[in-house]
>>> print(open('data.tsv').read())   # TSV, C-alpha atoms
chain	number	residue	atom	x	y	z
I	1	TYR	CA	-18.47	18.05	41.26
I	2	LEU	CA	-14.84	17.76	42.23
I	3	CYS	CA	-13.73	20.61	44.45
I	4	VAL	CA	-10.36	21.59	45.83
I	5	LEU	CA	-10.44	23.95	48.78
I	6	SER	CA	-7.64	25.57	50.72
I	7	GLY	CA	-9.10	28.42	52.63
I	8	PRO	CA	-10.22	30.93	50.01
I	9	TRP	CA	-8.22	29.17	47.26
I	10	ARG	CA	-10.50	27.04	45.09
I	11	VAL	CA	-10.76	25.33	41.67
I	12	THR	CA	-13.98	23.51	40.75
I	13	PHE	CA	-14.81	21.45	37.65
I	14	GLN	CA	-16.58	18.25	36.55
I	15	ASN	CA	-15.34	15.16	34.70
I	16	GLN	CA	-16.54	15.08	31.13
I	17	CYS	CA	-17.44	12.44	28.56
I	18	ALA	CA	-17.69	13.52	24.94
I	19	LEU	CA	-18.06	12.09	21.46
I	20	ARG	CA	-15.14	11.87	19.11
I	21	GLY	CA	-15.26	14.72	16.59
I	22	ALA	CA	-17.45	16.88	18.83
I	23	SER	CA	-16.63	20.13	20.58
I	24	ILE	CA	-16.84	20.29	24.36
I	25	LEU	CA	-16.84	23.06	26.94
I	26	LEU	CA	-14.99	22.14	30.12
I	27	GLU	CA	-16.72	24.24	32.75
I	28	CYS	CA	-14.42	25.42	35.50
I	29	SER	CA	-14.40	28.08	38.20
I	30	TYR	CA	-11.74	29.31	40.62
I	31	ASP	CA	-11.28	31.69	43.53
I	32	TYR	CA	-8.44	33.25	45.52
I	33	PRO	CA	-7.95	35.62	48.47
I	34	SER	CA	-8.94	39.22	48.15
I	35	LEU	CA	-6.49	42.04	47.51
I	36	GLN	CA	-4.79	39.95	44.80
I	37	PHE	CA	-5.14	39.89	41.05
I	38	VAL	CA	-4.49	37.09	38.56
I	39	THR	CA	-1.44	37.50	36.33
I	40	SER	CA	-1.54	34.26	34.30
I	41	VAL	CA	-3.63	31.10	33.79
I	42	LYS	CA	-2.74	27.73	32.26
I	43	TRP	CA	-4.27	24.36	31.40
I	44	SER	CA	-1.95	21.33	31.44
I	45	LYS	CA	-2.21	17.62	30.67
I	46	VAL	CA	-0.47	14.67	32.31
I	47	GLN	CA	2.10	13.01	30.05
I	48	HIS	CA	4.20	9.87	30.46
I	49	ILE	CA	7.80	10.86	29.78
I	50	SER	CA	10.72	8.53	30.55
I	51	ASN	CA	8.58	6.39	32.86
I	52	SER	CA	7.57	9.45	34.86
I	53	LEU	CA	4.44	11.60	34.98
I	54	TRP	CA	4.83	15.24	33.97
I	55	LEU	CA	2.46	18.14	33.59
I	56	VAL	CA	2.81	19.70	30.15
I	57	SER	CA	0.97	22.82	29.06
I	58	LEU	CA	-1.50	22.20	26.23
I	59	ASP	CA	0.32	24.39	23.73
I	60	SER	CA	3.57	22.47	24.37
I	61	LEU	CA	2.16	18.99	23.65
I	62	SER	CA	3.59	17.10	20.66
I	63	SER	CA	0.05	16.72	19.30
I	64	PRO	CA	-1.98	19.42	21.07
I	65	PRO	CA	-5.78	19.48	20.93
I	66	GLN	CA	-7.64	22.28	19.18
I	67	PHE	CA	-8.49	24.37	22.22
I	68	LYS	CA	-9.43	27.87	23.28
I	69	TYR	CA	-9.40	29.36	26.77
I	70	VAL	CA	-12.84	30.98	27.15
I	71	GLY	CA	-12.53	31.86	30.82
I	72	ASN	CA	-11.27	35.10	32.32
I	73	PHE	CA	-8.79	36.38	34.88
I	74	TYR	CA	-11.34	36.65	37.68
I	75	ASP	CA	-13.31	33.48	38.40
I	76	ASN	CA	-14.03	31.53	35.20
I	77	CYS	CA	-11.47	28.99	33.92
I	78	ALA	CA	-13.58	27.31	31.20
I	79	LEU	CA	-11.75	25.58	28.34
I	80	GLU	CA	-13.25	24.65	24.97
I	81	ILE	CA	-11.81	21.77	22.91
I	82	TYR	CA	-12.81	21.28	19.27
I	83	ASN	CA	-12.91	18.17	17.09
I	84	LEU	CA	-12.11	15.73	19.88
I	85	ARG	CA	-9.71	12.87	19.11
I	86	PRO	CA	-8.96	9.67	21.06
I	87	ILE	CA	-5.52	11.11	21.81
I	88	ASP	CA	-7.22	13.99	23.67
I	89	GLU	CA	-8.42	11.61	26.37
I	90	GLY	CA	-6.54	12.10	29.60
I	91	THR	CA	-6.03	13.98	32.84
I	92	TYR	CA	-6.08	17.78	32.82
I	93	TYR	CA	-5.09	20.35	35.45
I	94	PHE	CA	-5.81	24.07	35.73
I	95	SER	CA	-3.36	26.44	37.41
I	96	PHE	CA	-3.15	30.19	37.89
I	97	VAL	CA	-0.72	32.75	39.29
I	98	THR	CA	-1.71	35.79	41.29
I	99	SER	CA	0.27	38.86	42.26
I	100	LEU	CA	1.28	37.16	45.54
I	101	ASN	CA	1.02	33.39	45.01
I	102	ARG	CA	0.18	30.54	42.64
I	103	TRP	CA	-2.33	27.68	42.73
I	104	ARG	CA	-3.05	24.47	40.86
I	105	SER	CA	-6.08	22.20	41.08
I	106	LYS	CA	-5.28	19.28	43.36
I	107	THR	CA	-7.83	16.92	41.83
I	108	PRO	CA	-7.65	16.63	38.05
I	109	LEU	CA	-10.36	16.78	35.43
I	110	TYR	CA	-10.61	13.62	33.29
I	111	LEU	CA	-11.77	13.94	29.70
I	112	GLN	CA	-12.96	10.73	28.05
I	113	PRO	CA	-14.13	10.73	24.42
I	114	SER	CA	-16.54	7.93	23.48
I	115	ILE	CA	-16.34	6.32	20.05
I	116	VAL	CA	-19.38	5.03	18.18
I	117	THR	CA	-18.68	2.27	15.66
I	118	GLU	CA	-21.02	1.28	12.87
I	119	GLY	CA	-23.29	-1.51	14.09
I	120	GLU	CA	-23.28	-0.43	17.74
I	121	MET	CA	-26.47	0.61	19.51
I	122	VAL	CA	-26.95	4.32	20.22
I	123	THR	CA	-29.32	5.70	22.85
I	124	LEU	CA	-30.28	9.38	22.77
I	125	THR	CA	-31.07	10.88	26.17
I	126	CYS	CA	-32.48	14.34	26.68
I	127	VAL	CA	-32.74	16.11	30.06
I	128	SER	CA	-35.24	18.96	29.83
I	129	GLY	CA	-34.96	20.34	33.35
I	130	CYS	CA	-38.74	20.43	33.65
I	131	PRO	CA	-40.21	19.36	37.02
I	132	THR	CA	-42.67	17.01	35.29
I	133	SER	CA	-42.04	14.46	32.57
I	134	THR	CA	-42.37	15.76	29.04
I	135	ASN	CA	-42.49	14.28	25.58
I	136	VAL	CA	-39.20	14.85	23.80
I	137	VAL	CA	-38.50	14.83	20.06
I	138	TRP	CA	-35.11	14.44	18.40
I	139	PHE	CA	-33.59	16.00	15.31
I	140	ARG	CA	-30.48	15.27	13.28
I	141	ASP	CA	-29.21	18.11	11.14
I	142	GLY	CA	-32.73	19.57	11.22
I	143	HIS	CA	-34.49	16.33	10.25
I	144	PRO	CA	-36.69	14.37	12.70
I	145	VAL	CA	-35.23	11.23	14.25
I	146	PRO	CA	-37.94	8.53	14.47
I	147	LYS	CA	-36.43	6.53	17.34
I	148	PRO	CA	-34.05	7.57	20.16
I	149	VAL	CA	-32.51	4.06	20.17
I	150	PHE	CA	-31.00	2.75	16.95
I	151	GLN	CA	-28.13	0.76	15.49
I	152	ALA	CA	-25.53	3.22	14.25
I	153	GLY	CA	-24.80	3.40	10.56
I	154	ARG	CA	-22.49	5.80	8.79
I	155	GLU	CA	-25.53	7.71	7.52
I	156	ASP	CA	-26.45	8.48	11.15
I	157	ALA	CA	-23.46	10.77	11.63
I	158	GLY	CA	-24.44	14.37	12.26
I	159	ARG	CA	-25.44	16.91	14.91
I	160	TYR	CA	-28.31	15.91	17.19
I	161	TYR	CA	-30.50	18.06	19.40
I	162	CYS	CA	-33.71	17.53	21.36
I	163	ALA	CA	-36.76	19.67	22.07
I	164	VAL	CA	-40.02	19.43	23.99
I	165	LEU	CA	-42.92	18.28	21.81
I	166	GLY	CA	-44.93	21.30	20.78
I	167	GLN	CA	-42.03	23.64	21.55
I	168	GLU	CA	-39.64	22.55	18.83
I	169	THR	CA	-38.28	26.07	18.37
I	170	VAL	CA	-36.62	25.81	21.78
I	171	ARG	CA	-33.78	23.38	21.20
I	172	SER	CA	-30.98	21.88	23.25
I	173	ASN	CA	-27.36	22.45	22.38
I	174	PRO	CA	-26.34	20.13	19.50
I	175	VAL	CA	-24.16	17.08	20.10
I	176	ALA	CA	-22.10	15.64	17.26
I	177	LEU	CA	-22.36	11.92	16.59
I	178	ASN	CA	-19.31	10.61	14.74
I	179	VAL	CA	-19.79	7.08	13.42
I	180	GLN	CA	-16.66	5.12	12.62
I	181	TYR	CA	-16.84	2.41	9.97
I	182	ALA	CA	-14.60	0.03	8.08
I	183	PRO	CA	-13.52	0.87	4.51
I	184	LYS	CA	-16.29	0.73	1.94
I	185	LYS	CA	-16.29	1.13	-1.83
I	186	VAL	CA	-12.64	0.07	-2.01
I	187	ARG	CA	-11.53	0.81	-5.55
I	188	LEU	CA	-8.42	0.31	-7.68
I	189	SER	CA	-7.93	2.60	-10.66
I	190	LEU	CA	-5.33	2.64	-13.43
I	191	SER	CA	-3.84	5.76	-14.97
I	192	PRO	CA	-3.81	5.84	-17.91
I	193	SER	CA	-6.86	3.62	-18.12
I	194	GLY	CA	-7.28	0.96	-20.76
I	195	ASN	CA	-4.49	-0.95	-22.47
I	196	VAL	CA	-0.88	0.00	-21.70
I	197	PRO	CA	1.82	-0.34	-24.39
I	198	GLN	CA	5.08	-2.10	-23.57
I	199	GLY	CA	7.69	0.33	-22.27
I	200	GLY	CA	5.06	2.80	-21.07
I	201	SER	CA	4.18	3.85	-17.53
I	202	VAL	CA	1.10	3.10	-15.44
I	203	THR	CA	0.05	4.18	-11.93
I	204	LEU	CA	-2.26	2.05	-9.79
I	205	THR	CA	-4.18	4.00	-7.13
I	206	CYS	CA	-6.23	2.63	-4.22
I	207	SER	CA	-9.11	4.59	-2.71
I	208	SER	CA	-12.01	3.99	-0.33
I	209	GLU	CA	-14.61	5.58	1.91
I	210	ALA	CA	-13.82	5.10	5.60
I	211	ASN	CA	-13.93	6.76	9.01
I	212	PRO	CA	-11.25	7.22	10.11
I	213	LEU	CA	-9.64	7.55	6.72
I	214	VAL	CA	-7.37	4.74	5.60
I	215	SER	CA	-3.75	5.80	5.99
I	216	SER	CA	-1.31	5.31	3.14
I	217	ASN	CA	0.15	2.24	4.84
I	218	GLY	CA	-3.36	0.89	5.32
I	219	TYR	CA	-3.52	-0.03	1.63
I	220	SER	CA	-1.94	-3.15	0.09
I	221	LEU	CA	-1.69	-4.04	-3.60
I	222	PHE	CA	-1.86	-7.60	-4.90
I	223	LYS	CA	-1.16	-9.11	-8.34
I	224	ASP	CA	-2.71	-12.47	-9.19
I	225	GLY	CA	-3.28	-13.01	-5.46
I	226	TRP	CA	0.32	-12.26	-4.42
I	227	PHE	CA	1.30	-9.27	-2.29
I	228	LEU	CA	3.04	-6.60	-4.34
I	229	SER	CA	3.46	-3.44	-2.24
I	230	SER	CA	2.01	-1.22	0.50
I	231	GLY	CA	0.79	2.30	-0.07
I	232	GLU	CA	-1.94	4.24	-1.77
I	233	GLN	CA	-0.11	4.36	-5.13
I	234	HIS	CA	2.16	2.04	-7.09
I	235	THR	CA	3.85	3.12	-10.34
I	236	ILE	CA	5.36	0.83	-12.97
I	237	SER	CA	7.66	3.00	-15.05
I	238	ASP	CA	8.71	0.43	-17.69
I	239	VAL	CA	5.74	-1.81	-18.36
I	240	GLN	CA	6.53	-5.28	-19.72
I	241	PRO	CA	4.29	-8.17	-20.81
I	242	SER	CA	5.08	-9.91	-17.51
I	243	HIS	CA	3.22	-7.11	-15.70
I	244	SER	CA	-0.08	-8.24	-17.25
I	245	GLY	CA	-2.44	-9.76	-14.69
I	246	LEU	CA	-5.26	-9.23	-12.23
I	247	TYR	CA	-4.64	-6.58	-9.56
I	248	HIS	CA	-6.67	-5.68	-6.49
I	249	CYS	CA	-6.41	-3.42	-3.42
I	250	GLN	CA	-6.89	-4.27	0.23
I	251	ALA	CA	-7.79	-1.55	2.74
I	252	GLY	CA	-7.93	-1.45	6.54
I	253	ASN	CA	-8.37	1.22	9.23
I	254	ASN	CA	-8.53	-0.94	12.39
I	255	ILE	CA	-12.34	-0.99	12.20
I	256	SER	CA	-13.93	-4.34	11.39
I	257	TRP	CA	-17.23	-5.09	9.73
I	258	ARG	CA	-18.95	-8.38	10.58
I	259	GLY	CA	-15.64	-9.78	11.77
I	260	VAL	CA	-13.70	-8.74	8.67
I	261	ASP	CA	-10.79	-6.33	9.23
I	262	LEU	CA	-9.55	-5.89	5.64
I	263	MET	CA	-11.73	-5.02	2.66
I	264	ASN	CA	-10.90	-5.89	-0.95
I	265	SER	CA	-11.58	-4.02	-4.16
I	266	THR	CA	-12.81	-5.72	-7.30
I	267	LYS	CA	-10.03	-7.09	-9.50
I	268	VAL	CA	-8.72	-4.96	-12.35
I	269	HIS	CA	-6.98	-6.48	-15.37
I	270	LEU	CA	-3.79	-4.77	-16.51
I	271	ASP	CA	-3.47	-5.56	-20.21
I	272	VAL	CA	-0.02	-4.85	-21.68
I	273	TRP	CA	0.12	-4.50	-25.46
I	274	TYR	CA	3.31	-5.38	-27.34
I	275	GLN	CA	4.45	-6.05	-30.89
I	276	PRO	CA	5.02	-9.60	-32.17
I	277	THR	CA	7.83	-11.57	-30.51
I	278	ASN	CA	8.78	-15.18	-29.71
I	279	PHE	CA	8.41	-16.39	-33.28
I	280	SER	CA	8.02	-20.03	-34.23
I	281	VAL	CA	8.74	-20.97	-37.88
I	282	SER	CA	8.42	-24.53	-39.17
I	283	VAL	CA	8.72	-26.43	-42.48
I	284	ASP	CA	6.33	-29.27	-43.30
I	285	PRO	CA	7.42	-31.77	-44.41
I	286	PRO	CA	10.96	-31.23	-43.15
I	287	GLN	CA	12.44	-33.09	-46.19
I	288	VAL	CA	11.02	-32.18	-49.56
I	289	ALA	CA	11.83	-33.60	-52.97
I	290	GLU	CA	11.83	-31.54	-56.15
I	291	GLY	CA	8.33	-31.02	-57.45
I	292	SER	CA	6.68	-31.74	-54.09
I	293	SER	CA	4.54	-29.34	-52.03
I	294	VAL	CA	5.85	-27.74	-48.84
I	295	ASN	CA	4.27	-25.48	-46.22
I	296	LEU	CA	6.14	-22.87	-44.17
I	297	THR	CA	4.21	-21.86	-41.02
I	298	CYS	CA	4.85	-18.75	-38.88
I	299	SER	CA	3.38	-17.90	-35.49
I	300	SER	CA	4.21	-15.32	-32.82
I	301	ALA	CA	3.25	-14.03	-29.38
I	302	ALA	CA	1.64	-10.59	-29.60
I	303	ASN	CA	-0.99	-8.48	-27.86
I	304	PRO	CA	-3.18	-7.78	-29.66
I	305	ALA	CA	-2.65	-10.83	-31.86
I	306	ALA	CA	-0.78	-10.32	-35.12
I	307	VAL	CA	-3.18	-9.55	-37.94
I	308	ASN	CA	-0.74	-9.75	-40.84
I	309	TYR	CA	2.07	-12.11	-41.77
I	310	THR	CA	4.38	-11.54	-44.75
I	311	TRP	CA	6.98	-14.01	-46.12
I	312	TYR	CA	10.37	-13.09	-47.54
I	313	LYS	CA	13.25	-15.04	-49.08
I	314	ARG	CA	16.73	-13.70	-48.61
I	315	THR	CA	18.94	-13.58	-51.66
I	316	ASP	CA	22.60	-12.83	-52.22
I	317	ASP	CA	22.00	-11.55	-55.75
I	318	PRO	CA	23.69	-8.09	-55.80
I	319	SER	CA	21.48	-6.97	-58.69
I	320	SER	CA	18.26	-7.23	-56.70
I	321	SER	CA	16.93	-6.45	-53.23
I	322	SER	CA	18.34	-8.55	-50.41
I	323	MET	CA	14.83	-9.89	-49.68
I	324	ILE	CA	12.19	-11.07	-52.12
I	325	LEU	CA	8.50	-10.93	-51.21
I	326	MET	CA	7.12	-14.47	-51.38
I	327	GLY	CA	3.57	-14.14	-50.09
I	328	SER	CA	1.35	-13.30	-47.12
I	329	GLY	CA	-0.50	-15.19	-44.43
I	330	SER	CA	0.69	-17.29	-41.53
I	331	VAL	CA	1.22	-20.26	-43.92
I	332	LEU	CA	3.26	-19.99	-47.13
I	333	THR	CA	2.61	-22.86	-49.55
I	334	LEU	CA	5.01	-23.75	-52.34
I	335	PRO	CA	2.99	-26.26	-54.46
I	336	SER	CA	5.91	-27.50	-56.58
I	337	LEU	CA	9.37	-27.06	-55.10
I	338	GLU	CA	12.09	-26.03	-57.50
I	339	ALA	CA	15.83	-25.55	-57.07
I	340	SER	CA	15.35	-21.79	-57.19
I	341	ASP	CA	13.07	-22.02	-54.11
I	342	ILE	CA	15.72	-23.29	-51.76
I	343	GLY	CA	17.36	-20.83	-49.37
I	344	PRO	CA	16.69	-18.87	-46.15
I	345	TYR	CA	13.13	-17.70	-45.44
I	346	LEU	CA	11.78	-15.37	-42.78
I	347	CYS	CA	8.38	-13.98	-41.89
I	348	GLN	CA	7.27	-10.56	-40.75
I	349	ALA	CA	4.37	-10.19	-38.28
I	350	ARG	CA	2.45	-6.99	-37.66
I	351	ASN	CA	-0.17	-5.77	-35.16
I	352	SER	CA	-1.42	-2.33	-34.09
I	353	ILE	CA	1.64	-1.81	-31.86
I	354	GLY	CA	4.35	-2.55	-34.42
I	355	GLU	CA	6.05	-5.15	-36.59
I	356	SER	CA	9.05	-7.43	-36.28
I	357	PHE	CA	10.85	-10.24	-38.15
I	358	SER	CA	11.41	-13.85	-37.24
I	359	ALA	CA	14.77	-15.56	-37.41
I	360	GLU	CA	15.54	-17.26	-40.71
I	361	VAL	CA	14.74	-20.85	-41.53
I	362	LEU	CA	16.60	-22.69	-44.31
I	363	LEU	CA	14.52	-24.50	-46.91
I	364	THR	CA	16.41	-27.31	-48.63
I	365	MET	CA	15.50	-29.95	-51.17
I	366	THR	CA	16.23	-33.68	-51.43
I	367	GLU	CA	17.01	-34.47	-55.04
I	368	GLN	CA	19.35	-37.14	-56.38
I	369	GLY	CA	20.38	-38.02	-52.85
I	370	TRP	CA	20.39	-34.52	-51.32
I	371	CYS	CA	18.91	-34.26	-47.84
I	372	GLN	CA	17.90	-31.34	-45.64
I	373	SER	CA	20.21	-29.97	-43.02
I	374	HIS	CA	18.99	-28.27	-39.85
I	375	ILE	CA	19.97	-24.78	-38.83
I	376	VAL	CA	18.94	-23.03	-35.62
I	377	PHE	CA	19.05	-19.24	-35.36
I	378	THR	CA	18.41	-16.92	-32.44
I	379	ARG	CA	18.65	-13.16	-32.12
I	380	GLN	CA	21.50	-13.43	-29.61
I	381	SER	CA	23.59	-16.09	-31.27
I	382	LEU	CA	23.80	-18.18	-34.42
I	383	HIS	CA	24.11	-21.94	-34.18
I	384	GLN	CA	24.61	-24.14	-37.19
I	385	SER	CA	24.41	-27.89	-37.09
I	386	GLY	CA	24.56	-30.41	-39.84
I	387	THR	CA	24.97	-34.14	-40.02
I	388	LYS	CA	26.43	-36.19	-42.86
I	389	GLN	CA	24.15	-39.02	-43.77
I	390	LYS	CA	23.65	-41.39	-46.70
I	391	CYS	CA	20.79	-40.48	-49.00
I	392	SER	CA	20.13	-42.65	-52.11
I	393	GLY	CA	23.73	-43.72	-52.10
I	394	LYS	CA	25.21	-40.22	-52.00
I	395	LEU	CA	26.34	-38.03	-49.14
I	396	THR	CA	24.15	-35.19	-47.91
I	397	ARG	CA	24.77	-31.74	-49.33
I	398	LEU	CA	24.80	-29.24	-46.44
I	399	PHE	CA	23.43	-25.75	-46.92
I	400	PHE	CA	24.47	-23.03	-44.52
I	401	LEU	CA	23.35	-19.43	-44.29
I	402	GLN	CA	26.63	-17.91	-45.49
I	403	ALA	CA	27.92	-20.65	-47.81
I	404	ALA	CA	26.94	-23.94	-49.41
I	405	VAL	CA	29.50	-26.69	-49.09
I	406	SER	CA	29.25	-29.94	-51.08
I	407	SER	CA	31.07	-33.19	-50.42
I	408	GLN	CA	31.58	-35.78	-53.16
I	409	SER	CA	31.86	-39.46	-52.33
>>> encode(input="data.tsv", output="structure tokens")
Amino acid sequence: YLCVLSGPWRVTFQNQCALRGASILLECSYDYPSLQFVTSVKWSKVQHISNSLWLVSLDSLSSPPQFKYVGNFYDNCALEIYNLRPIDEGTYYFSFVTSLNRWRSKTPLYLQPSIVTEGEMVTLTCVSGCPTSTNVVWFRDGHPVPKPVFQAGREDAGRYYCAVLGQETVRSNPVALNVQYAPKKVRLSLSPSGNVPQGGSVTLTCSSEANPLVSSNGYSLFKDGWFLSSGEQHTISDVQPSHSGLYHCQAGNNISWRGVDLMNSTKVHLDVWYQPTNFSVSVDPPQVAEGSSVNLTCSSAANPAAVNYTWYKRTDDPSSSSMILMGSGSVLTLPSLEASDIGPYLCQARNSIGESFSAEVLLTMTEQGWCQSHIVFTRQSLHQSGTKQKCSGKLTRLFFLQAAVSSQS
């Protein structure tokens, strides 16, 4: 016991060691000269402020403990602290004021919480107070504990008490065992779950089981192995195909497990669905004579893949529709090319998300010295290129999208 005496003035208490998460009663007693009465009492804690030590009352601390003064204004200065935290460790002083004077303990009380980490050895010790040795049994949350020495696991957390064998109804005061452990069952979830359409929104949320809990900044999100962001949640408000990939979470709470500080979730695939785009249209063979066979092939990038292709030929005939249906399938075959077949073609691709058209490709015919010209179209701009060349002794006839121009030799 640590005692401070000054004549009849006295404060007596004992240093304490307690488990994190437990409640502890700091026993304390005090005395003072007769013919006085106590007007106020106070518990304070030493704080480092501006490189100096200061006594700060418990209720004025920036992060005060959960405490209750259970003493009185006569001789008992006991203090109870609940749900102990590492930050509660430190040096405490008790002071009181009487009707004629004031007094503060000269020697402090030191409170030291102990932390049990998963994997560490735990020894349960019971002091019965009996003059002879006795057989002691242990209980955790009402269930028998087979051995008083064990390697702590998270399932061992609980309230322990001991009793003399054969007198189990007479129990000791319970002591809470709080087992800290690294994140387990780290999980990444998507909301909404399943496939996400292009332009939609998706939220990725990390979660885990851990003690202490993983803070928001303790989570990290990765895409295809590359760091993406920190935090428990990450929202993509305008989902694009480039967001597709494998995502996983990483969690840490400063507790390691078998030398590993950060725990990973399983990988989750974000699958972005979008309508057909990035068309490729080709003509085979590129130069076709009248009466020959030609194949027009259409392909596109889509998720899910396009399930239907439709071919159209654009016409300038004002008496009919601007586009004529020519067939279906990714390959359009014209078995015997005729003059009426030449002109601009385009394909339409469709999947469950939507449908879209390719750019146009110009089908031409080599007949009596006519050769094919090449035209390149994009959605942003229109490029036309043609090259004069000899073909069976005559110059090439060039076909363009808006006009056909012929040159005579």
>>> atom_distance(input="data.tsv", atom1="atom CA of Pro276 of chain I", atom2="atom CA of Gly199 of chain I")
14.3 Å
>>> closest_residue(input="data.tsv", among="I:Thr277, I:Asn295, I:Gln240, I:Gln348", to="Gly200 of chain I", atoms="all atoms listed in the file")
I:Gln240
>>> residues_around(input="data.tsv", residues="segment 143-145 of chain I", least_positions_apart="4", cutoff="10 Å", atoms="only C-alpha atoms", output="count of residues only")
9
>>> residues_around(input="data.tsv", residues="segment 308-311 of chain I", least_positions_apart="3", cutoff="7 Å", atoms="only C-alpha atoms", output="number ranges by chain")
I: 325-330, 346-351
>>> write_last_selection(input="data.tsv", atoms="C-alpha atoms", output="short mmCIF file (atom, residue, chain, number, x, y, z; two decimals), keeping the file's coordinate frame")
data_model
loop_
_atom_site.label_atom_id
_atom_site.label_comp_id
_atom_site.auth_asym_id
_atom_site.auth_seq_id
_atom_site.Cartn_x
_atom_site.Cartn_y
_atom_site.Cartn_z
CA LEU I 325 8.50 -10.93 -51.21
CA MET I 326 7.12 -14.47 -51.38
CA GLY I 327 3.57 -14.14 -50.09
CA SER I 328 1.35 -13.30 -47.12
CA GLY I 329 -0.50 -15.19 -44.43
CA SER I 330 0.69 -17.29 -41.53
CA LEU I 346 11.78 -15.37 -42.78
CA CYS I 347 8.38 -13.98 -41.89
CA GLN I 348 7.27 -10.56 -40.75
CA ALA I 349 4.37 -10.19 -38.28
CA ARG I 350 2.45 -6.99 -37.66
CA ASN I 351 -0.17 -5.77 -35.16
#
>>> residues_around(input="data.tsv", residues="Leu177 of chain I", least_positions_apart="2", cutoff="7 Å", atoms="all atoms listed in the file", output="VMD selection string")
chain I and resid 19 157 to 159 175 179
>>> residues_around(input="data.tsv", residues="Leu221 of chain I", least_positions_apart="5", cutoff="12 Å", atoms="only C-alpha atoms", output="MDAnalysis selection string")
chainID I and resid 186:189 203:207 216 226:235 246:251 263:268
